[in-house]
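The structure appears right after this line, and notes come after that.
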2 protein chains.
Amino acid sequence: MKIVLATKNKGKAAEFASILGDKFELITQAESGITESAEENGTTYAENSRLKAKFIFEKTGLPTMADDSGLECDALDGAPGVYTARFAGEGATDSTNIDKLLAVLDEEENRKARFVAHITLVMENYEIHCEGTLDGEITRGRRGTNGFGYDPVFIPEGYDKTLAELDDEVKNSISHRRKAIEKMQKALSDLNLNV
Amino acid sequence: MKIVLATKNKGKAAEFASILGDKFELITQAESGITESAEENGTTYAENSRLKAKFIFEKTGLPTMADDSGLECDALDGAPGVYTARFAGEGATDSTNIDKLLAVLDEEENRKARFVAHITLVMENYEIHCEGTLDGEITRGRRGTNGFGYDPVFIPEGYDKTLAELDDEVKNSISHRRKAIEKMQKALSDLNLNV
């Protein structure tokens with residue numbers, strides 16, 4: 001079965017392929033011939049992942065999978081949430097986003113946070129949706145140089161290193177996205193698809 | 001497999017049961033022992049149906065299905081949409097909602113509209129989501145006495161009677177909810193569930 005993965009990120013595509021297995025032929029958005037992307041104007045990760053996948057499904061007719069993810073801080077009532085990638089506003093970078101997060105948390109004692117990933121697979125008659133989370137806490141300053149995004153300020157539960165201090169292998173084995181992809185793999189193995 | 005249907009409406013429960021077939025034991029929200037319902041504060045039908053089903057799944061651990069639906073008018077940029085049941089505000093009734101719809105459409109030439117239904121089935125590892133639509137147009141005044149909601153002012157495409165003038169049998173055979181339930185039936189028959 002051929003599935004379009006609505007992403008332009010090759011590392012992400014490889015991660016999906018390795019978990020979903022070779023029962024499915026994952027093709028990238030570029031390989032599906034679609035250059036535009038959906039506007040991600042949903043108010044939830046579920047809605048954004050659905051919008052991204054549906055946009056390509058409607059143009060290609062091919063089963064399409066998309067993910068959306070974010071960081072939620074308890075002390076900030078779940079912010080930055082769907083604004084994770086643009087927390088610092090127009091032209092936000094990993095660096096300015098982290099600066100803003102550390103500034104708004106400031107001396108806050110409650111540093112509890114989690115990364116959340118949602119994946120939606122849109123097909124002709126129905127959609128499959130799953131989610132994964134990684135609990136942890138926000139540090140008071142940057143540590144480590146691996147990874148991207150908020151990795152230098154996030155310590156996963158049960159660890160004493162930030163995601164940016166952990167090896168890629170460890171990070172990928174516990175990530176929110178990995179948990180969501182594993183659930184999608186479960187769904188696909190439950191489905192008797194003859195596509 | 002036992003599935004909770006998150007509704008207090010017995011007619012709706014019977015409709016789901018007749019389409020999904022006896023491979024599934026549908027139990028009502030009351031039979032699951034849950035008296036409260038989720039707050040339907042989503043901005044989309046998809047999100048609202050998901051919120052309703054998840055609320056009960058999280059309390060019972062049982063696979064739970066919920067639906068959400070609404071009316072969308074092209075001339076009103078998709079309104080009333082998720083506000084369909086409360087279009088006329090606090091304490092809205094079928095009658096005040098219809099009054100408001102006819103008033104805001106007024107002399108508008110473009111009467112095109114559609115009913116949309118979304119259903120979400122929440123399970124432990126993933127969710128199934130499907131939707132159905134019924135295209136039609138809004139009349140300039142009430143006609144017929146069957147049904148409920150906006151039925152007296154909605155003429156389905158291909159018909160010259162309002163839903164409130166059509167027999168229940170005809171109405172149920174073309175309804176947006178029926179189309180969504182039929183897709184859910186398709187999903188469930190594709191799934192090799194051993195629950």
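Identifiers in this document derive from the order of the structure tokens: chains are assigned A, B, ..., residues are numbered from 1 separately in each chain, and ligands are numbered from 1 in order of occurrence.
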Skipping near chain neighbours, those fewer than 2 positions away, what residues fall within 12 Å of stretch 25-31 of chain A using only C-alpha atoms, listed as a PyMOL selection string?
chain A and resi 1-23+33-38+52-53+55-57+59-60+62-66+195
Export, as a PDB file, in the first residue's frame, the selected residues with C-alpha atoms.
ATOM      1  CA  MET A   1       0.000   0.000   0.000  1.00  0.00           C
ATOM      2  CA  LYS A   2       1.324   3.418  -1.019  1.00  0.00           C
ATOM      3  CA  ILE A   3       1.074   6.193   1.590  1.00  0.00           C
ATOM      4  CA  VAL A   4       2.113   9.828   1.129  1.00  0.00           C
ATOM      5  CA  LEU A   5       3.899  11.328   4.130  1.00  0.00           C
ATOM      6  CA  ALA A   6       3.058  15.033   4.174  1.00  0.00           C
ATOM      7  CA  THR A   7       6.463  16.332   5.193  1.00  0.00           C
ATOM      8  CA  LYS A   8       9.460  17.915   3.519  1.00  0.00           C
ATOM      9  CA  ASN A   9      11.754  16.644   6.277  1.00  0.00           C
ATOM     10  CA  LYS A  10      13.770  13.629   5.096  1.00  0.00           C
ATOM     11  CA  GLY A  11      14.825  12.578   8.606  1.00  0.00           C
ATOM     12  CA  LYS A  12      11.215  12.413   9.655  1.00  0.00           C
ATOM     13  CA  ALA A  13      10.323  10.358   6.579  1.00  0.00           C
ATOM     14  CA  ALA A  14      13.082   7.850   7.412  1.00  0.00           C
ATOM     15  CA  GLU A  15      11.823   7.562  11.007  1.00  0.00           C
ATOM     16  CA  PHE A  16       8.276   6.807   9.843  1.00  0.00           C
ATOM     17  CA  ALA A  17       9.493   4.268   7.286  1.00  0.00           C
ATOM     18  CA  SER A  18      11.650   2.397   9.786  1.00  0.00           C
ATOM     19  CA  ILE A  19       8.765   1.980  12.242  1.00  0.00           C
ATOM     20  CA  LEU A  20       5.921   1.322   9.811  1.00  0.00           C
ATOM     21  CA  GLY A  21       7.866  -1.423   8.045  1.00  0.00           C
ATOM     22  CA  ASP A  22       7.993  -2.431   4.403  1.00  0.00           C
ATOM     23  CA  LYS A  23       4.364  -3.509   4.144  1.00  0.00           C
ATOM     24  CA  GLY A  33       3.985  15.871  -7.005  1.00  0.00           C
ATOM     25  CA  ILE A  34       2.456  18.354  -4.540  1.00  0.00           C
ATOM     26  CA  THR A  35       4.574  21.404  -3.793  1.00  0.00           C
ATOM     27  CA  GLU A  36       2.102  23.521  -1.793  1.00  0.00           C
ATOM     28  CA  SER A  37       1.164  22.744   1.802  1.00  0.00           C
ATOM     29  CA  ALA A  38      -2.007  23.301   3.809  1.00  0.00           C
ATOM     30  CA  LYS A  52      -2.104  18.802   6.351  1.00  0.00           C
ATOM     31  CA  ALA A  53      -2.995  15.230   5.376  1.00  0.00           C
ATOM     32  CA  PHE A  55      -4.885  18.828   1.714  1.00  0.00           C
ATOM     33  CA  ILE A  56      -2.671  16.308  -0.079  1.00  0.00           C
ATOM     34  CA  PHE A  57      -5.233  13.489  -0.075  1.00  0.00           C
ATOM     35  CA  LYS A  59      -5.164  16.554  -4.584  1.00  0.00           C
ATOM     36  CA  THR A  60      -3.718  13.071  -5.085  1.00  0.00           C
ATOM     37  CA  LEU A  62      -3.621   8.708  -2.185  1.00  0.00           C
ATOM     38  CA  PRO A  63      -3.779   7.739   1.513  1.00  0.00           C
ATOM     39  CA  THR A  64      -1.833  10.521   3.232  1.00  0.00           C
ATOM     40  CA  MET A  65      -0.271  10.755   6.681  1.00  0.00           C
ATOM     41  CA  ALA A  66       0.748  13.975   8.453  1.00  0.00           C
ATOM     42  CA  VAL A 195      -4.913  -1.140  -1.460  1.00  0.00           C
TER      43      VAL A 195
END
Extract, using only C-alpha atoms, all DNA, RNA and protein residues at most 10 Å from stretch 182-192 of chain A, discarding same-chain residues fewer than 5 positions from it, and format them as a PyMOL selection string.
(chain A and resi 16+19-21+23-24+65+119-121+128-132+177) or (chain B and resi 124-128+187-194)
Surrounding residues of stretch 88-101 of chain B excluding itself and chain neighbours under 4 positions, 8 Å, only C-alpha atoms, as a PyMOL selection string
chain B and resi 84+105+148-150+153
Could you find all residues in stretch 83-153 of chain B that DSSP calls strand (DSSP E or B) from the backbone, and write them as a VMD selection string?
chain B and resid 112 to 122 127 to 138
For a test of reading the model, state the distance in Å between atom CA of B:Lys54 and atom CA of B:Asp68, rounded to one decimal.
13.2 Å
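Non-sequential neighbours of A:Gly78 (distance at most 12 Å, separation of 5 or more positions within a chain, only C-alpha atoms) are Thr44, Gly70, Leu71, Glu72, Cys73, Tyr83, Thr84, Arg111, Lys112, Ala113, Arg114, Phe115 and Val116 of chain A.
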Determine, counting only C-alpha atoms, which protein, DNA and RNA residues have an atom within 7 Å of an atom of B:Gly144; residues of the same chain fewer than 3 positions away are not included. Present the result as a PyMOL selection string.
chain B and resi 152+162+164-165
Prev. selection, all heavy atoms, output as a PDB file, in the first residue's frame:
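Once written, result19.pdb looks like this:
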ATOM      1  N   PRO B 152     -37.418  21.822   8.403  1.00  0.00           N
ATOM      2  CA  PRO B 152     -38.463  22.492   7.621  1.00  0.00           C
ATOM      3  C   PRO B 152     -37.933  23.502   6.591  1.00  0.00           C
ATOM      4  O   PRO B 152     -38.701  23.961   5.745  1.00  0.00           O
ATOM      5  CB  PRO B 152     -39.299  23.234   8.684  1.00  0.00           C
ATOM      6  CG  PRO B 152     -38.980  22.555   9.972  1.00  0.00           C
ATOM      7  CD  PRO B 152     -37.555  22.103   9.843  1.00  0.00           C
ATOM      8  N   THR B 162     -38.836  19.668   1.472  1.00  0.00           N
ATOM      9  CA  THR B 162     -37.911  19.856   2.597  1.00  0.00           C
ATOM     10  C   THR B 162     -37.786  18.534   3.356  1.00  0.00           C
ATOM     11  O   THR B 162     -38.619  17.637   3.197  1.00  0.00           O
ATOM     12  CB  THR B 162     -38.418  20.924   3.589  1.00  0.00           C
ATOM     13  OG1 THR B 162     -39.586  20.424   4.233  1.00  0.00           O
ATOM     14  CG2 THR B 162     -38.703  22.246   2.894  1.00  0.00           C
ATOM     15  N   ALA B 164     -38.501  18.110   6.268  1.00  0.00           N
ATOM     16  CA  ALA B 164     -39.682  17.988   7.127  1.00  0.00           C
ATOM     17  C   ALA B 164     -40.922  17.555   6.341  1.00  0.00           C
ATOM     18  O   ALA B 164     -41.952  17.235   6.931  1.00  0.00           O
ATOM     19  CB  ALA B 164     -39.940  19.308   7.847  1.00  0.00           C
ATOM     20  N   GLU B 165     -40.821  17.546   5.005  1.00  0.00           N
ATOM     21  CA  GLU B 165     -41.930  17.057   4.172  1.00  0.00           C
ATOM     22  C   GLU B 165     -41.674  15.622   3.717  1.00  0.00           C
ATOM     23  O   GLU B 165     -42.582  14.949   3.237  1.00  0.00           O
ATOM     24  CB  GLU B 165     -42.106  17.947   2.934  1.00  0.00           C
ATOM     25  CG  GLU B 165     -42.613  19.350   3.256  1.00  0.00           C
ATOM     26  CD  GLU B 165     -42.634  20.256   2.026  1.00  0.00           C
ATOM     27  OE1 GLU B 165     -41.623  20.301   1.294  1.00  0.00           O
ATOM     28  OE2 GLU B 165     -43.660  20.931   1.809  1.00  0.00           O
TER      29      GLU B 165
END
May I ask for the distance between atom CA of A:Asp167 and atom CA of A:Gly136, given in Å to one decimal place?
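Pair atom CA of A:Asp167 / atom CA of A:Gly136 returns 16.8 Å.
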Sel. of helix (DSSP H, G or I) residues, stretch 14-190 of chain B, as a PyMOL selection string
chain B and resi 14-20+30-32+45-60+74-76+81-86+94-105+151-153+168-174+176-190
Non-local contacts of B:Pro156 (9 Å; only C-alpha atoms; under 3 positions in same chain excluded) as a list in words:
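Result of the neighbour search: Arg114, Leu134, Asp135, Gly136, Glu137, Tyr159, Asp160, Lys161, Thr162, Leu163 and Ile174 of chain B.
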